[in-house]
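Trainee: Quick one: this structure, given as structure tokens, is what I'll be asking you about.
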2 protein chains.
Amino acid sequence: MKTSTGSRRAELLALAASLFAERGYVSTTVRDIADAAGILSGSLYHHFDSKESMAEEILTGFLDELFGTYAEILAAGQSPRETLEAVVAASFESIHRRPAEVAIYQSEAKHLMQLPRFAYLNDRNAEFRALWNGILTDGVTAGVFRADLDIELVYRFIRDTVWVAVRWYNPDGALSAEAVAEQYLGILLDGIATKRRPAKRR
Amino acid sequence: MKTSTGSRRAELLALAASLFAERGYVSTTVRDIADAAGILSGSLYHHFDSKESMAEEILTGFLDELFGTYAEILAAGQSPRETLEAVVAASFESIHRRPAEVAIYQSEAKHLMQLPRFAYLNDRNAEFRALWNGILTDGVTAGVFRADLDIELVYRFIRDTVWVAVRWYNPDGALSAEAVAEQYLGILLDGIATKRRPAKRR
DNA sequence: GTCTATAAAGTGATAGAC
DNA sequence: GTCTATCACTTTATAGAC
């Protein structure tokens with residue numbers, strides 16, 4: 001819990017994050033982390049209070065950065081469609097730059113959230129939901145998004161599809177985050193069908 | 001590993017499945033399962049070889065059923081669009097009927113697959129990929145799906161968006177699996193935008 | 001089919017020497 | 001900042017009585 005050099009701390013956190021992402025938080029032991037760092041497990045406790053502290057620090061750092069980016073996009077005050085495109089692009093960008101952190105958030109948040117110290121994850125989820133519902137509602141009002149869709153459902157589909165891409169996206173691969181975002185927005189906005197169906201009502 | 005009554009075995013498996021889904025496979029102990037069943041942990045080993053065996057039996061049972069349904073849909077020989085709609089509907093239907101099993105497959109398959117006894121999960125993934133790529137390719141050939149999309153990417157998006165819905169779908173809620181499937185197909189096929197953009201080429 | 005009792009190994013974490 | 005040494009606890013799994 002000491003401040004230590006700061007860089008060593010960051011180094012250990014990065015190591016822990018990649019192990020958490022790869023093997024899962026519960027399956028990763030403090031010995032695994034220490035081994036990867038070339039030290040013994042007891043030595044880790046000079047830098048961190050507990051295994052939970054490591055996960056907490058990894059997630060808060062990531063989420064603060066991510067929501068800072070979202071705030072900038074919203075502050076730019078663009079159209080609903082441009083805002084949606086920017087938020088989707090920024091999300092894929094974060095998968096590109098912080099794959100381990102996104103993977104941990106995706107896979108472990110649900111379980112970690114049950115611990116009191118991770119209660120802030122609920123706030124972030126609510127913030128995320130408000131962000132998307134705002135964009136979608138504005139777009140429907142402006143007439144650029146279809147009015148016959150369930151906003152809440154659309155929000156969930158967008159959220160899930162974007163983030164779950166961390167499972168297969170390869171930061172070192174030929175397919176860039178920008179290319180994925182473009183393809184994804186193409187599907188989301190215009191669909192995969194060649195012709196629009198006649199509006200089908202029940 | 002005895003055959004036992006059969007029904008007691010199924011009862012215990014259903015209990016284990018819901019615990020695995022809720023708390024995660026690694027975090028769920030055999031004591032948790034035994035407690036939920038009202039017996040002691042040692043007694044579980046009269047029915048099953050190991051904790052791994054329980055997970056294996058849960059997943060194989062679920063996947064055999066699911067791919068049986070897919071095979072029936074393909075055998076019906078409908079159009080690419082009808083086939084796509086039927087496969088999506090059947091997938092949401094399976095989330096409705098077997099939420100725990102889907103959740104386990106979603107959350108744990110990646111880690112379980114690294115164990116030799118779960119190698120068949122790789123085969124199922126390949127089978128699933130072939131199924132989707134076939135439907136999408138047929139649809140592009142028939143001119144009903146856009147030709148400018150990356151089939152592999154579209155496959156991943158469909159697969160992920162459909163299955164990840166298990167995280168929020170409530171089998172007892174007001175929103176039925178059919179309604180979710182309909183909304184989802186509306187987005188996937190036609191997009192959320194009110195007007196198609198002029199085809200944007202790079 | 002369940003319980004008693006327990007083994008064998010692994011877990012997160014600590015205190016103090018270097 | 002790391003190591004030595006170790007504690008207290010939990011884990012999966014087993015053997016045999018009932």
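By order of appearance in the structure tokens: chains A, B, ..., then residues from 1 within every chain, and ligands from 1 in the order shown.
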Find the residues near DA5 of chain D: any atom within 12 Å, counting only C-alpha atoms (C1' of nucleotides), skip ones fewer than 3 places away on the same chain, and give them as number ranges by chain.
Mentor: A: 42; C: 14-17
Trainee: Kindly export the residues of the current selection with all heavy atoms, as a PDB file, in the first residue's frame.
Mentor:
ATOM      1  N   GLY A  42       4.831 -13.371  -0.887  1.00  0.00           N
ATOM      2  CA  GLY A  42       4.819 -12.466   0.253  1.00  0.00           C
ATOM      3  C   GLY A  42       5.269 -11.058  -0.106  1.00  0.00           C
ATOM      4  O   GLY A  42       4.796 -10.068   0.466  1.00  0.00           O
TER       5      GLY A  42
ATOM      6  P    DT C  14      -2.759  -9.248   6.026  1.00  0.00           P
ATOM      7  OP1  DT C  14      -3.706  -8.547   6.889  1.00  0.00           O
ATOM      8  OP2  DT C  14      -2.135  -8.569   4.872  1.00  0.00           O
ATOM      9  O5'  DT C  14      -1.614  -9.852   6.945  1.00  0.00           O
ATOM     10  C5'  DT C  14      -1.957 -10.819   7.932  1.00  0.00           C
ATOM     11  C4'  DT C  14      -0.711 -11.247   8.684  1.00  0.00           C
ATOM     12  O4'  DT C  14       0.048 -12.179   7.890  1.00  0.00           O
ATOM     13  C3'  DT C  14       0.250 -10.103   9.030  1.00  0.00           C
ATOM     14  O3'  DT C  14       0.516 -10.149  10.432  1.00  0.00           O
ATOM     15  C2'  DT C  14       1.502 -10.386   8.195  1.00  0.00           C
ATOM     16  C1'  DT C  14       1.425 -11.886   7.999  1.00  0.00           C
ATOM     17  N1   DT C  14       2.077 -12.399   6.762  1.00  0.00           N
ATOM     18  C2   DT C  14       2.961 -13.446   6.860  1.00  0.00           C
ATOM     19  O2   DT C  14       3.242 -13.984   7.913  1.00  0.00           O
ATOM     20  N3   DT C  14       3.499 -13.855   5.662  1.00  0.00           N
ATOM     21  C4   DT C  14       3.243 -13.317   4.407  1.00  0.00           C
ATOM     22  O4   DT C  14       3.778 -13.765   3.400  1.00  0.00           O
ATOM     23  C5   DT C  14       2.313 -12.216   4.382  1.00  0.00           C
ATOM     24  C7   DT C  14       1.971 -11.572   3.083  1.00  0.00           C
ATOM     25  C6   DT C  14       1.782 -11.809   5.544  1.00  0.00           C
ATOM     26  P    DA C  15       1.222  -8.901  11.187  1.00  0.00           P
ATOM     27  OP1  DA C  15       0.445  -8.640  12.409  1.00  0.00           O
ATOM     28  OP2  DA C  15       1.478  -7.821  10.219  1.00  0.00           O
ATOM     29  O5'  DA C  15       2.629  -9.538  11.584  1.00  0.00           O
ATOM     30  C5'  DA C  15       2.711 -10.867  12.076  1.00  0.00           C
ATOM     31  C4'  DA C  15       4.158 -11.165  12.418  1.00  0.00           C
ATOM     32  O4'  DA C  15       4.796 -11.754  11.251  1.00  0.00           O
ATOM     33  C3'  DA C  15       4.983  -9.934  12.779  1.00  0.00           C
ATOM     34  O3'  DA C  15       5.880 -10.263  13.833  1.00  0.00           O
ATOM     35  C2'  DA C  15       5.705  -9.581  11.484  1.00  0.00           C
ATOM     36  C1'  DA C  15       5.886 -10.945  10.829  1.00  0.00           C
ATOM     37  N9   DA C  15       5.855 -10.922   9.361  1.00  0.00           N
ATOM     38  C8   DA C  15       5.178 -10.055   8.543  1.00  0.00           C
ATOM     39  N7   DA C  15       5.337 -10.284   7.260  1.00  0.00           N
ATOM     40  C5   DA C  15       6.177 -11.378   7.235  1.00  0.00           C
ATOM     41  C6   DA C  15       6.732 -12.120   6.165  1.00  0.00           C
ATOM     42  N6   DA C  15       6.506 -11.844   4.885  1.00  0.00           N
ATOM     43  N1   DA C  15       7.537 -13.162   6.484  1.00  0.00           N
ATOM     44  C2   DA C  15       7.774 -13.438   7.760  1.00  0.00           C
ATOM     45  N3   DA C  15       7.312 -12.814   8.858  1.00  0.00           N
ATOM     46  C4   DA C  15       6.510 -11.787   8.514  1.00  0.00           C
ATOM     47  P    DG C  16       6.826  -9.083  14.467  1.00  0.00           P
ATOM     48  OP1  DG C  16       6.907  -9.346  15.921  1.00  0.00           O
ATOM     49  OP2  DG C  16       6.384  -7.766  13.959  1.00  0.00           O
ATOM     50  O5'  DG C  16       8.238  -9.425  13.814  1.00  0.00           O
ATOM     51  C5'  DG C  16       8.741 -10.752  13.900  1.00  0.00           C
ATOM     52  C4'  DG C  16       9.909 -10.916  12.943  1.00  0.00           C
ATOM     53  O4'  DG C  16       9.432 -10.887  11.575  1.00  0.00           O
ATOM     54  C3'  DG C  16      10.977  -9.807  13.026  1.00  0.00           C
ATOM     55  O3'  DG C  16      12.249 -10.415  12.959  1.00  0.00           O
ATOM     56  C2'  DG C  16      10.693  -8.964  11.801  1.00  0.00           C
ATOM     57  C1'  DG C  16      10.305 -10.059  10.825  1.00  0.00           C
ATOM     58  N9   DG C  16       9.633  -9.628   9.607  1.00  0.00           N
ATOM     59  C8   DG C  16       8.663  -8.648   9.480  1.00  0.00           C
ATOM     60  N7   DG C  16       8.265  -8.483   8.243  1.00  0.00           N
ATOM     61  C5   DG C  16       9.016  -9.409   7.517  1.00  0.00           C
ATOM     62  C6   DG C  16       9.034  -9.689   6.130  1.00  0.00           C
ATOM     63  O6   DG C  16       8.351  -9.173   5.239  1.00  0.00           O
ATOM     64  N1   DG C  16       9.950 -10.696   5.817  1.00  0.00           N
ATOM     65  C2   DG C  16      10.746 -11.340   6.738  1.00  0.00           C
ATOM     66  N2   DG C  16      11.569 -12.279   6.266  1.00  0.00           N
ATOM     67  N3   DG C  16      10.741 -11.086   8.040  1.00  0.00           N
ATOM     68  C4   DG C  16       9.863 -10.110   8.354  1.00  0.00           C
ATOM     69  P    DA C  17      13.586  -9.596  13.347  1.00  0.00           P
ATOM     70  OP1  DA C  17      13.947  -9.990  14.719  1.00  0.00           O
ATOM     71  OP2  DA C  17      13.379  -8.171  13.003  1.00  0.00           O
ATOM     72  O5'  DA C  17      14.662 -10.200  12.340  1.00  0.00           O
ATOM     73  C5'  DA C  17      14.809 -11.625  12.241  1.00  0.00           C
ATOM     74  C4'  DA C  17      15.424 -11.964  10.882  1.00  0.00           C
ATOM     75  O4'  DA C  17      14.494 -11.585   9.824  1.00  0.00           O
ATOM     76  C3'  DA C  17      16.729 -11.229  10.585  1.00  0.00           C
ATOM     77  O3'  DA C  17      17.666 -12.148  10.021  1.00  0.00           O
ATOM     78  C2'  DA C  17      16.320 -10.143   9.595  1.00  0.00           C
ATOM     79  C1'  DA C  17      15.152 -10.784   8.864  1.00  0.00           C
ATOM     80  N9   DA C  17      14.174  -9.827   8.343  1.00  0.00           N
ATOM     81  C8   DA C  17      13.378  -8.980   9.066  1.00  0.00           C
ATOM     82  N7   DA C  17      12.578  -8.232   8.337  1.00  0.00           N
ATOM     83  C5   DA C  17      12.860  -8.620   7.041  1.00  0.00           C
ATOM     84  C6   DA C  17      12.344  -8.202   5.805  1.00  0.00           C
ATOM     85  N6   DA C  17      11.390  -7.268   5.670  1.00  0.00           N
ATOM     86  N1   DA C  17      12.846  -8.794   4.691  1.00  0.00           N
ATOM     87  C2   DA C  17      13.793  -9.731   4.836  1.00  0.00           C
ATOM     88  N3   DA C  17      14.354 -10.212   5.939  1.00  0.00           N
ATOM     89  C4   DA C  17      13.831  -9.602   7.023  1.00  0.00           C
TER      90       DA C  17
END
Trainee: Counting only C-alpha atoms (C1' of nucleotides), which residues of chain C fall within 10 Å of chain A, and what is the closest atom pair for each with its distance in Å at one decimal, ordered by chain and rising number, as a tab-separated table?
Mentor:
residue	atom	partner	partner_atom	distance
C:DG10	C1'	A:Thr29	CA	9.8
C:DT11	C1'	A:Thr29	CA	7.7
C:DG12	C1'	A:Val30	CA	7.6
C:DA13	C1'	A:Ser50	CA	7.9
C:DT14	C1'	A:Gly42	CA	8.5
Trainee: Kindly export the residues of the current selection with N, CA, C and O atoms (P, O5', C5', C4', C3', O3' and C1' of nucleotides), as a PDB file, in the first residue's frame.
Mentor:
ATOM      1  P    DG C  10      -0.577 -28.450  -4.767  1.00  0.00           P
ATOM      2  O5'  DG C  10      -1.533 -27.206  -4.480  1.00  0.00           O
ATOM      3  C5'  DG C  10      -2.845 -27.208  -5.022  1.00  0.00           C
ATOM      4  C4'  DG C  10      -3.634 -26.088  -4.383  1.00  0.00           C
ATOM      5  C3'  DG C  10      -2.962 -24.720  -4.497  1.00  0.00           C
ATOM      6  O3'  DG C  10      -3.857 -23.836  -5.164  1.00  0.00           O
ATOM      7  C1'  DG C  10      -3.648 -25.157  -2.252  1.00  0.00           C
ATOM      8  P    DT C  11      -3.408 -22.348  -5.489  1.00  0.00           P
ATOM      9  O5'  DT C  11      -4.053 -21.514  -4.303  1.00  0.00           O
ATOM     10  C5'  DT C  11      -5.478 -21.390  -4.214  1.00  0.00           C
ATOM     11  C4'  DT C  11      -5.811 -20.585  -2.988  1.00  0.00           C
ATOM     12  C3'  DT C  11      -5.023 -19.289  -2.859  1.00  0.00           C
ATOM     13  O3'  DT C  11      -5.683 -18.261  -3.546  1.00  0.00           O
ATOM     14  C1'  DT C  11      -5.211 -20.456  -0.742  1.00  0.00           C
ATOM     15  P    DG C  12      -4.955 -16.845  -3.773  1.00  0.00           P
ATOM     16  O5'  DG C  12      -5.183 -16.119  -2.374  1.00  0.00           O
ATOM     17  C5'  DG C  12      -6.488 -15.803  -1.956  1.00  0.00           C
ATOM     18  C4'  DG C  12      -6.444 -15.161  -0.592  1.00  0.00           C
ATOM     19  C3'  DG C  12      -5.700 -13.820  -0.543  1.00  0.00           C
ATOM     20  O3'  DG C  12      -6.402 -12.930   0.324  1.00  0.00           O
ATOM     21  C1'  DG C  12      -4.623 -15.366   0.899  1.00  0.00           C
ATOM     22  P    DA C  13      -5.802 -11.413   0.546  1.00  0.00           P
ATOM     23  O5'  DA C  13      -4.829 -11.587   1.790  1.00  0.00           O
ATOM     24  C5'  DA C  13      -5.371 -12.024   3.038  1.00  0.00           C
ATOM     25  C4'  DA C  13      -4.243 -12.276   4.016  1.00  0.00           C
ATOM     26  C3'  DA C  13      -3.311 -11.085   4.245  1.00  0.00           C
ATOM     27  O3'  DA C  13      -3.551 -10.570   5.548  1.00  0.00           O
ATOM     28  C1'  DA C  13      -2.132 -13.160   4.112  1.00  0.00           C
ATOM     29  P    DT C  14      -2.759  -9.248   6.026  1.00  0.00           P
ATOM     30  O5'  DT C  14      -1.614  -9.852   6.945  1.00  0.00           O
ATOM     31  C5'  DT C  14      -1.957 -10.819   7.932  1.00  0.00           C
ATOM     32  C4'  DT C  14      -0.711 -11.247   8.684  1.00  0.00           C
ATOM     33  C3'  DT C  14       0.250 -10.103   9.030  1.00  0.00           C
ATOM     34  O3'  DT C  14       0.516 -10.149  10.432  1.00  0.00           O
ATOM     35  C1'  DT C  14       1.425 -11.886   7.999  1.00  0.00           C
TER      36       DT C  14
END
Trainee: Kindly indicate which residue among A:Leu131, A:Ala126, A:Leu112, A:Leu59 lies nearest to chain B, using only C-alpha atoms for the distances.
Mentor: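 Closest residue, counting only C-alpha atoms: A:Leu112.
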Trainee: Quick one: which residues from chain B are at most 10 Å off chain A, using only C-alpha atoms, as a PyMOL selection string?
Mentor: chain B and resi 22-27+81+106-108+110-111+136+139-140+143-150+153-154+156-165+167-168+180+183-197+199-200
Trainee: For chain D against chain B, which residues fall within 10 Å using only C-alpha atoms (C1' of nucleotides), given as a short mmCIF file (atom, residue, chain, number, x, y, z; two decimals) with N, CA and C atoms (P, O5', C5', C4', C3', O3' and C1' of nucleotides), in the first residue's frame?
Mentor:
data_model
loop_
_atom_site.label_atom_id
_atom_site.label_comp_id
_atom_site.auth_asym_id
_atom_site.auth_seq_id
_atom_site.Cartn_x
_atom_site.Cartn_y
_atom_site.Cartn_z
P DT D 10 -12.72 -21.12 6.46
"O5'" DT D 10 -12.47 -21.68 4.99
"C5'" DT D 10 -11.87 -20.84 4.01
"C4'" DT D 10 -11.56 -21.65 2.77
"C3'" DT D 10 -12.69 -22.62 2.36
"O3'" DT D 10 -13.04 -22.31 1.03
"C1'" DT D 10 -10.58 -23.72 2.38
P DT D 11 -14.19 -23.13 0.28
"O5'" DT D 11 -13.40 -24.22 -0.56
"C5'" DT D 11 -12.51 -23.81 -1.61
"C4'" DT D 11 -11.73 -25.00 -2.14
"C3'" DT D 11 -12.59 -26.23 -2.44
"O3'" DT D 11 -13.06 -26.16 -3.78
"C1'" DT D 11 -10.55 -26.83 -1.32
P DT D 12 -14.17 -27.17 -4.26
"O5'" DT D 12 -13.40 -28.51 -4.64
"C5'" DT D 12 -12.37 -28.50 -5.62
"C4'" DT D 12 -11.65 -29.84 -5.60
"C3'" DT D 12 -12.53 -31.04 -5.97
"O3'" DT D 12 -11.84 -31.85 -6.92
"C1'" DT D 12 -11.50 -31.41 -3.87
P DA D 13 -12.55 -33.12 -7.61
"O5'" DA D 13 -12.25 -34.31 -6.58
"C5'" DA D 13 -10.89 -34.61 -6.29
"C4'" DA D 13 -10.83 -35.58 -5.12
"C3'" DA D 13 -11.71 -36.83 -5.25
"O3'" DA D 13 -10.86 -37.94 -5.51
"C1'" DA D 13 -11.71 -35.94 -3.03
P DT D 14 -11.50 -39.41 -5.75
"O5'" DT D 14 -11.32 -40.07 -4.31
"C5'" DT D 14 -10.04 -39.99 -3.68
"C4'" DT D 14 -10.10 -40.68 -2.32
"C3'" DT D 14 -10.84 -42.02 -2.32
"O3'" DT D 14 -9.98 -43.00 -1.72
"C1'" DT D 14 -11.62 -40.64 -0.56
#
Trainee: Could you go through chain B and tell me which residues DSSP, when run on the backbone, assigns to helix (DSSP H, G or I), listing them as a PyMOL selection string?
Mentor: chain B and resi 7-23+30-37+41-44+51-75+80-97+99-112+116-118+120-142+151-167+177-190
Trainee: I'd like the interatomic distance between atom CA of Ile58 of chain A and atom CA of Ser7 of chain A, to a tenth of an Å.
Mentor: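 Calculated distance between atom CA of Ile58 of chain A and atom CA of Ser7 of chain A is 14.3 Å.
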Trainee: Find the residues near segment 2-7 of chain C: any atom within 8 Å, counting only C-alpha atoms (C1' of nucleotides), skip ones fewer than 6 places away on the same chain, and give them as a count of residues only.
Mentor: 6
Trainee: Provide the atom CA of Ala21 of chain B to atom CA of Asp172 of chain B distance in Å, to one decimal place.
Mentor: 16.7 Å
Trainee: Closest to Arg129 of chain B among B:Leu15, B:Ile151, B:Glu72, B:Thr28, using only C-alpha atoms?
Mentor: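 For Arg129 of chain B, the nearest of the candidates is B:Ile151.
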